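data-v8.csv follows; it contains CSV, N, CA and C atoms.
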chain,number,residue,atom,x,y,z
A,1,MET,N,-9.8,-16.9,1.1
A,1,MET,CA,-9.5,-16.8,2.5
A,1,MET,C,-8.5,-15.7,2.7
A,2,ALA,N,-7.5,-15.6,1.9
A,2,ALA,CA,-6.4,-14.6,2.1
A,2,ALA,C,-7.0,-13.2,2.1
A,3,TYR,N,-8.0,-13.0,1.1
A,3,TYR,CA,-8.6,-11.7,1.0
A,3,TYR,C,-9.2,-11.2,2.3
A,4,TYR,N,-10.1,-12.1,2.8
A,4,TYR,CA,-10.8,-11.7,4.0
A,4,TYR,C,-9.9,-11.5,5.2
A,5,GLU,N,-8.9,-12.4,5.4
A,5,GLU,CA,-8.0,-12.2,6.5
A,5,GLU,C,-7.2,-10.9,6.4
A,6,ALA,N,-6.7,-10.6,5.2
A,6,ALA,CA,-5.9,-9.4,5.0
A,6,ALA,C,-6.8,-8.2,5.2
A,7,LEU,N,-8.0,-8.2,4.7
A,7,LEU,CA,-8.9,-7.1,4.9
A,7,LEU,C,-9.2,-6.9,6.4
A,8,ARG,N,-9.4,-7.9,7.1
A,8,ARG,CA,-9.7,-7.8,8.5
A,8,ARG,C,-8.5,-7.2,9.2
A,9,MET,N,-7.3,-7.6,8.8
A,9,MET,CA,-6.1,-7.1,9.5
A,9,MET,C,-5.9,-5.6,9.2
A,10,ILE,N,-6.2,-5.1,8.0
A,10,ILE,CA,-5.9,-3.7,7.7
A,10,ILE,C,-7.0,-2.8,8.2
A,11,LYS,N,-8.1,-3.3,8.6
A,11,LYS,CA,-9.2,-2.5,9.1
A,11,LYS,C,-9.1,-2.1,10.6
A,12,TYR,N,-8.1,-2.7,11.3
A,12,TYR,CA,-7.9,-2.3,12.7
A,12,TYR,C,-7.2,-1.0,12.7
A,13,LYS,N,-8.0,0.0,13.1
A,13,LYS,CA,-7.4,1.4,13.1
A,13,LYS,C,-6.4,1.7,14.2
A,14,THR,N,-6.5,1.0,15.3
A,14,THR,CA,-5.6,1.3,16.4
A,14,THR,C,-4.2,0.5,16.3
A,15,LEU,N,-4.2,-0.5,15.4
A,15,LEU,CA,-2.9,-1.2,15.2
A,15,LEU,C,-2.2,-0.8,14.0
A,16,ARG,N,-0.9,-0.6,14.1
A,16,ARG,CA,-0.1,-0.3,12.9
A,16,ARG,C,0.6,-1.6,12.5
A,17,ARG,N,0.1,-2.2,11.4
A,17,ARG,CA,0.7,-3.5,11.0
A,17,ARG,C,0.8,-3.6,9.5
A,18,PHE,N,1.4,-4.6,9.1
A,18,PHE,CA,1.5,-5.0,7.7
A,18,PHE,C,0.7,-6.2,7.4
A,19,ALA,N,0.0,-6.3,6.3
A,19,ALA,CA,-0.6,-7.5,5.9
A,19,ALA,C,0.1,-7.9,4.6
A,20,ILE,N,0.8,-9.0,4.5
A,20,ILE,CA,1.6,-9.4,3.4
A,20,ILE,C,0.9,-10.5,2.6
A,21,LEU,N,0.6,-10.2,1.3
A,21,LEU,CA,0.1,-11.2,0.4
A,21,LEU,C,1.2,-11.8,-0.4
A,22,SER,N,1.5,-13.0,-0.3
A,22,SER,CA,2.5,-13.6,-1.1
A,22,SER,C,2.0,-14.9,-1.7
A,23,GLY,N,2.6,-15.2,-2.8
A,23,GLY,CA,2.1,-16.5,-3.5
A,23,GLY,C,2.7,-16.5,-4.9
A,24,ALA,N,2.4,-17.6,-5.5
A,24,ALA,CA,2.9,-17.8,-6.9
A,24,ALA,C,2.2,-16.8,-7.9
A,25,ARG,N,2.8,-16.7,-9.0
A,25,ARG,CA,2.3,-15.8,-10.0
A,25,ARG,C,0.9,-16.2,-10.4
A,26,ARG,N,0.1,-15.2,-10.7
A,26,ARG,CA,-1.3,-15.3,-11.2
A,26,ARG,C,-2.3,-16.1,-10.3
A,27,VAL,N,-2.1,-15.9,-9.0
A,27,VAL,CA,-3.1,-16.5,-8.1
A,27,VAL,C,-4.1,-15.5,-7.5
A,28,GLY,N,-3.9,-14.2,-7.9
A,28,GLY,CA,-4.9,-13.3,-7.5
A,28,GLY,C,-4.5,-12.2,-6.4
A,29,LYS,N,-3.2,-12.1,-6.2
A,29,LYS,CA,-2.7,-11.1,-5.2
A,29,LYS,C,-3.1,-9.7,-5.6
A,30,THR,N,-2.9,-9.3,-6.8
A,30,THR,CA,-3.2,-7.9,-7.2
A,30,THR,C,-4.7,-7.7,-7.2
A,31,THR,N,-5.4,-8.7,-7.7
A,31,THR,CA,-6.9,-8.6,-7.7
A,31,THR,C,-7.4,-8.4,-6.3
A,32,SER,N,-6.8,-9.2,-5.3
A,32,SER,CA,-7.2,-9.0,-3.9
A,32,SER,C,-7.0,-7.6,-3.4
A,33,MET,N,-5.8,-7.0,-3.8
A,33,MET,CA,-5.5,-5.7,-3.4
A,33,MET,C,-6.5,-4.7,-3.9
A,34,TYR,N,-6.8,-4.8,-5.2
A,34,TYR,CA,-7.8,-3.9,-5.8
A,34,TYR,C,-9.2,-4.0,-5.2
A,35,GLN,N,-9.6,-5.3,-4.8
A,35,GLN,CA,-10.8,-5.5,-4.1
A,35,GLN,C,-10.8,-4.9,-2.7
A,36,MET,N,-9.7,-5.0,-2.0
A,36,MET,CA,-9.6,-4.4,-0.7
A,36,MET,C,-9.7,-2.9,-0.8
A,37,ILE,N,-9.1,-2.3,-1.8
A,37,ILE,CA,-9.1,-0.8,-2.0
A,37,ILE,C,-10.6,-0.4,-2.3
A,38,GLU,N,-11.2,-1.1,-3.1
A,38,GLU,CA,-12.6,-0.8,-3.5
A,38,GLU,C,-13.5,-1.0,-2.2
A,39,ASN,N,-13.3,-2.0,-1.4
A,39,ASN,CA,-14.1,-2.2,-0.2
A,39,ASN,C,-13.9,-1.0,0.8
A,40,LEU,N,-12.6,-0.6,0.9
A,40,LEU,CA,-12.3,0.5,1.9
A,40,LEU,C,-13.0,1.8,1.4
A,41,ILE,N,-13.0,2.1,0.1
A,41,ILE,CA,-13.7,3.3,-0.4
A,41,ILE,C,-15.2,3.2,-0.2
A,42,ASP,N,-15.7,2.0,-0.5
A,42,ASP,CA,-17.2,1.8,-0.3
A,42,ASP,C,-17.6,2.0,1.1
A,43,GLU,N,-16.7,1.7,2.1
A,43,GLU,CA,-17.0,1.9,3.5
A,43,GLU,C,-16.6,3.3,4.0
A,44,GLY,N,-16.3,4.2,3.1
A,44,GLY,CA,-16.1,5.6,3.5
A,44,GLY,C,-14.7,6.1,3.7
A,45,VAL,N,-13.7,5.2,3.5
A,45,VAL,CA,-12.3,5.7,3.6
A,45,VAL,C,-12.0,6.7,2.5
A,46,ASN,N,-11.5,7.8,2.8
A,46,ASN,CA,-11.1,8.8,1.8
A,46,ASN,C,-10.1,8.2,0.9
A,47,PRO,N,-10.3,8.3,-0.4
A,47,PRO,CA,-9.3,7.7,-1.4
A,47,PRO,C,-7.9,8.3,-1.3
A,48,LYS,N,-7.9,9.6,-0.8
A,48,LYS,CA,-6.5,10.2,-0.6
A,48,LYS,C,-5.8,9.5,0.5
A,49,ASN,N,-6.4,8.7,1.4
A,49,ASN,CA,-5.8,8.0,2.4
A,49,ASN,C,-5.4,6.6,2.0
A,50,ILE,N,-5.5,6.3,0.8
A,50,ILE,CA,-5.1,5.0,0.2
A,50,ILE,C,-4.1,5.2,-0.8
A,51,LEU,N,-3.0,4.5,-0.6
A,51,LEU,CA,-1.9,4.6,-1.6
A,51,LEU,C,-1.7,3.2,-2.2
A,52,TYR,N,-1.7,3.2,-3.5
A,52,TYR,CA,-1.3,1.9,-4.2
A,52,TYR,C,-0.1,2.2,-5.1
A,53,VAL,N,0.9,1.5,-4.9
A,53,VAL,CA,2.1,1.7,-5.7
A,53,VAL,C,2.6,0.4,-6.3
A,54,SER,N,2.9,0.3,-7.6
A,54,SER,CA,3.4,-0.9,-8.2
A,54,SER,C,4.9,-0.6,-8.5
A,55,PHE,N,5.8,-1.3,-7.8
A,55,PHE,CA,7.2,-1.1,-8.1
A,55,PHE,C,7.6,-1.9,-9.4
A,56,ASP,N,6.6,-2.3,-10.1
A,56,ASP,CA,6.9,-2.9,-11.5
A,56,ASP,C,6.9,-1.7,-12.5
A,57,ASN,N,6.4,-0.6,-12.1
A,57,ASN,CA,6.4,0.6,-13.0
A,57,ASN,C,7.9,1.1,-13.2
A,58,PRO,N,8.3,1.3,-14.5
A,58,PRO,CA,9.7,1.6,-14.7
A,58,PRO,C,10.2,2.9,-14.0
A,59,ILE,N,9.3,3.9,-13.9
A,59,ILE,CA,9.6,5.1,-13.2
A,59,ILE,C,9.8,4.9,-11.7
A,60,VAL,N,8.9,4.1,-11.1
A,60,VAL,CA,9.0,3.9,-9.7
A,60,VAL,C,10.2,3.0,-9.3
A,61,LYS,N,10.7,2.2,-10.2
A,61,LYS,CA,11.8,1.4,-10.0
A,61,LYS,C,13.1,2.2,-9.7
A,62,LEU,N,13.1,3.5,-10.1
A,62,LEU,CA,14.2,4.4,-10.0
A,62,LEU,C,14.4,4.9,-8.6
A,63,VAL,N,13.4,4.8,-7.7
A,63,VAL,CA,13.4,5.4,-6.4
A,63,VAL,C,13.2,4.3,-5.3
A,64,ASN,N,13.4,4.6,-4.1
A,64,ASN,CA,13.1,3.7,-3.0
A,64,ASN,C,11.8,3.9,-2.4
A,65,ILE,N,11.4,3.1,-1.5
A,65,ILE,CA,10.1,3.2,-0.8
A,65,ILE,C,9.9,4.5,0.0
A,66,GLU,N,11.0,4.9,0.7
A,66,GLU,CA,10.9,6.1,1.5
A,66,GLU,C,10.6,7.3,0.6
A,67,THR,N,11.2,7.4,-0.6
A,67,THR,CA,10.9,8.5,-1.5
A,67,THR,C,9.5,8.5,-2.0
A,68,VAL,N,9.0,7.3,-2.3
A,68,VAL,CA,7.6,7.2,-2.8
A,68,VAL,C,6.6,7.7,-1.7
A,69,LEU,N,6.9,7.2,-0.4
A,69,LEU,CA,6.0,7.6,0.7
A,69,LEU,C,6.1,9.1,1.0
A,70,SER,N,7.3,9.6,0.9
A,70,SER,CA,7.5,11.1,1.1
A,70,SER,C,6.7,11.9,0.1
A,71,ILE,N,6.8,11.5,-1.2
A,71,ILE,CA,6.1,12.2,-2.3
A,71,ILE,C,4.6,12.1,-2.0
A,72,TYR,N,4.1,10.9,-1.7
A,72,TYR,CA,2.7,10.8,-1.3
A,72,TYR,C,2.2,11.7,-0.2
A,73,GLY,N,3.0,11.8,0.8
A,73,GLY,CA,2.7,12.7,2.0
A,73,GLY,C,2.6,14.1,1.5
A,74,MET,N,3.6,14.5,0.7
A,74,MET,CA,3.6,15.9,0.3
A,74,MET,C,2.4,16.2,-0.7
A,75,LEU,N,2.1,15.3,-1.6
A,75,LEU,CA,1.0,15.6,-2.6
A,75,LEU,C,-0.4,15.5,-2.0
A,76,TYR,N,-0.6,14.6,-1.1
A,76,TYR,CA,-2.0,14.3,-0.7
A,76,TYR,C,-2.3,14.8,0.8
A,77,HIS,N,-1.2,15.0,1.5
A,77,HIS,CA,-1.4,15.4,2.9
A,77,HIS,C,-0.6,16.7,3.2
A,78,GLU,N,0.0,17.3,2.2
A,78,GLU,CA,0.7,18.6,2.4
A,78,GLU,C,1.6,18.6,3.6
A,79,THR,N,2.4,17.5,3.8
A,79,THR,CA,3.2,17.4,4.9
A,79,THR,C,4.5,16.7,4.6
A,80,LYS,N,5.5,17.0,5.3
A,80,LYS,CA,6.8,16.2,5.2
A,80,LYS,C,6.9,15.2,6.4
A,81,VAL,N,5.8,15.1,7.1
A,81,VAL,CA,5.8,14.2,8.2
A,81,VAL,C,5.9,12.8,7.7
A,82,PRO,N,6.7,11.9,8.3
A,82,PRO,CA,6.8,10.5,7.8
A,82,PRO,C,5.4,9.9,7.6
A,83,VAL,N,5.2,9.2,6.5
A,83,VAL,CA,3.9,8.7,6.2
A,83,VAL,C,3.3,7.7,7.2
A,84,LEU,N,4.1,7.2,8.1
A,84,LEU,CA,3.6,6.3,9.1
A,84,LEU,C,2.8,7.1,10.1
A,85,LYS,N,2.9,8.4,10.2
A,85,LYS,CA,2.2,9.2,11.1
A,85,LYS,C,0.9,9.7,10.4
A,86,ILE,N,0.7,9.4,9.2
A,86,ILE,CA,-0.5,9.8,8.4
A,86,ILE,C,-1.5,8.7,8.5
A,87,PRO,N,-2.8,9.0,8.7
A,87,PRO,CA,-3.8,7.9,8.7
A,87,PRO,C,-4.1,7.3,7.3
A,88,ALA,N,-3.1,6.6,6.8
A,88,ALA,CA,-3.2,6.1,5.4
A,88,ALA,C,-3.0,4.6,5.4
A,89,ILE,N,-3.5,4.0,4.3
A,89,ILE,CA,-3.3,2.6,4.1
A,89,ILE,C,-2.5,2.5,2.8
A,90,ALA,N,-1.4,1.8,2.8
A,90,ALA,CA,-0.5,1.7,1.7
A,90,ALA,C,-0.5,0.3,1.1
A,91,PHE,N,-0.8,0.1,-0.1
A,91,PHE,CA,-0.7,-1.1,-0.8
A,91,PHE,C,0.5,-1.0,-1.7
A,92,LEU,N,1.6,-1.8,-1.4
A,92,LEU,CA,2.8,-1.7,-2.2
A,92,LEU,C,3.0,-3.1,-2.9
A,93,TYR,N,3.1,-3.0,-4.2
A,93,TYR,CA,3.2,-4.2,-5.0
A,93,TYR,C,4.7,-4.3,-5.4
A,94,LEU,N,5.4,-5.3,-4.7
A,94,LEU,CA,6.8,-5.5,-4.9
A,94,LEU,C,7.0,-6.8,-5.7
A,95,LEU,N,7.9,-6.7,-6.7
A,95,LEU,CA,8.2,-7.9,-7.5
A,95,LEU,C,9.7,-8.3,-7.2
A,96,GLY,N,9.9,-9.6,-7.2
A,96,GLY,CA,11.2,-10.1,-7.1
A,96,GLY,C,11.9,-9.7,-5.8
A,97,SER,N,13.2,-9.4,-6.0
A,97,SER,CA,14.0,-9.0,-4.8
A,97,SER,C,13.7,-7.7,-4.3
A,98,LEU,N,13.7,-7.6,-3.0
A,98,LEU,CA,13.4,-6.3,-2.3
A,98,LEU,C,14.7,-5.5,-2.1
A,99,SER,N,15.8,-6.0,-2.5
A,99,SER,CA,17.1,-5.3,-2.2
A,99,SER,C,17.1,-3.9,-2.7
A,100,HIS,N,16.6,-3.6,-3.9
A,100,HIS,CA,16.6,-2.2,-4.4
A,100,HIS,C,15.6,-1.4,-3.7
A,101,THR,N,14.3,-1.8,-3.6
A,101,THR,CA,13.2,-1.0,-3.1
A,101,THR,C,13.3,-0.8,-1.6
A,102,ALA,N,14.0,-1.7,-0.9
A,102,ALA,CA,14.0,-1.6,0.5
A,102,ALA,C,15.2,-0.8,1.1
A,103,LYS,N,16.2,-0.5,0.2
A,103,LYS,CA,17.3,0.2,0.7
A,103,LYS,C,17.0,1.7,1.0
A,104,THR,N,17.7,2.3,1.9
A,104,THR,CA,17.5,3.7,2.2
A,104,THR,C,18.4,4.6,1.4
A,105,SER,N,18.0,5.9,1.3
A,105,SER,CA,18.8,6.9,0.6
A,105,SER,C,20.1,7.1,1.2
Would you write the structure of this file as structure tokens?
Amino acid sequence: MAYYEALRMIKYKTLRRFAILSGARRVGKTTSMYQMIENLIDEGVNPKNILYVSFDNPIVKLVNIETVLSIYGMLYHETKVPVLKIPAIAFLYLLGSLSHTAKTS
């Protein structure tokens, strides 16, 4: 049920929103994200407009969300425009406390 509800929410192109999947370990949150990404690509979404970041990666743990989004914008959209102005879908996999990843530079 969560998969279909989250997929329905992210497909609204005119609404800027977040779909949050939360739950206990090993219930399928990551699998659901991978399936949503595959579904979007199958429906014609340009893969460059889909960002998947796991903040479990040791390198990514060293930076904040704003830095990751800025790098994504420069690499795939050749812009320094804030990523929220780019027609992209971001899947952010956050573990544990958000205190480090959510703070600004």
Using only C-alpha atoms, what residues lie at most 9 Å away from (-4.8, 8.4, -0.2) (file coordinates), given as a short mmCIF file (atom, residue, chain, number, x, y, z; two decimals) with N, CA and C atoms, in the frame of the given file?
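The resulting file, result-v8.cif, is shown below:
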data_model
loop_
_atom_site.label_atom_id
_atom_site.label_comp_id
_atom_site.auth_asym_id
_atom_site.auth_seq_id
_atom_site.Cartn_x
_atom_site.Cartn_y
_atom_site.Cartn_z
N VAL A 45 -13.70 5.20 3.50
CA VAL A 45 -12.30 5.70 3.60
C VAL A 45 -12.00 6.70 2.50
N ASN A 46 -11.50 7.80 2.80
CA ASN A 46 -11.10 8.80 1.80
C ASN A 46 -10.10 8.20 0.90
N PRO A 47 -10.30 8.30 -0.40
CA PRO A 47 -9.30 7.70 -1.40
C PRO A 47 -7.90 8.30 -1.30
N LYS A 48 -7.90 9.60 -0.80
CA LYS A 48 -6.50 10.20 -0.60
C LYS A 48 -5.80 9.50 0.50
N ASN A 49 -6.40 8.70 1.40
CA ASN A 49 -5.80 8.00 2.40
C ASN A 49 -5.40 6.60 2.00
N ILE A 50 -5.50 6.30 0.80
CA ILE A 50 -5.10 5.00 0.20
C ILE A 50 -4.10 5.20 -0.80
N LEU A 51 -3.00 4.50 -0.60
CA LEU A 51 -1.90 4.60 -1.60
C LEU A 51 -1.70 3.20 -2.20
N TYR A 52 -1.70 3.20 -3.50
CA TYR A 52 -1.30 1.90 -4.20
C TYR A 52 -0.10 2.20 -5.10
N TYR A 72 4.10 10.90 -1.70
CA TYR A 72 2.70 10.80 -1.30
C TYR A 72 2.20 11.70 -0.20
N GLY A 73 3.00 11.80 0.80
CA GLY A 73 2.70 12.70 2.00
C GLY A 73 2.60 14.10 1.50
N TYR A 76 -0.60 14.60 -1.10
CA TYR A 76 -2.00 14.30 -0.70
C TYR A 76 -2.30 14.80 0.80
N HIS A 77 -1.20 15.00 1.50
CA HIS A 77 -1.40 15.40 2.90
C HIS A 77 -0.60 16.70 3.20
N PRO A 87 -2.80 9.00 8.70
CA PRO A 87 -3.80 7.90 8.70
C PRO A 87 -4.10 7.30 7.30
N ALA A 88 -3.10 6.60 6.80
CA ALA A 88 -3.20 6.10 5.40
C ALA A 88 -3.00 4.60 5.40
N ILE A 89 -3.50 4.00 4.30
CA ILE A 89 -3.30 2.60 4.10
C ILE A 89 -2.50 2.50 2.80
N ALA A 90 -1.40 1.80 2.80
CA ALA A 90 -0.50 1.70 1.70
C ALA A 90 -0.50 0.30 1.10
#
| task | Would you work out the distance separating atom N of Gly23 (chain A) from atom C of Ile71 (chain A), expressed in Å to one decimal? | result |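 About the pair atom N of Gly23 (chain A) and atom C of Ile71 (chain A): they are 27.4 Å apart.
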| note | A straight line from CA of Ala2 (chain A) to CA of Val68 (chain A) spans 26.4 Å
| query | Residues at most 10 Å from Met33 (chain A), counting only C-alpha atoms, excluding those fewer than 2 positions away in the same chain, as a ChimeraX atom specification? | reply | /A:3,6-7,21,28-31,35-39,52,91-93
| request: Work out how far apart CA of Asn57 (chain A) and CA of Leu94 (chain A) are and give it in Å to one decimal. | output: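 Calculated distance between CA of Asn57 (chain A) and CA of Leu94 (chain A) is 10.1 Å.
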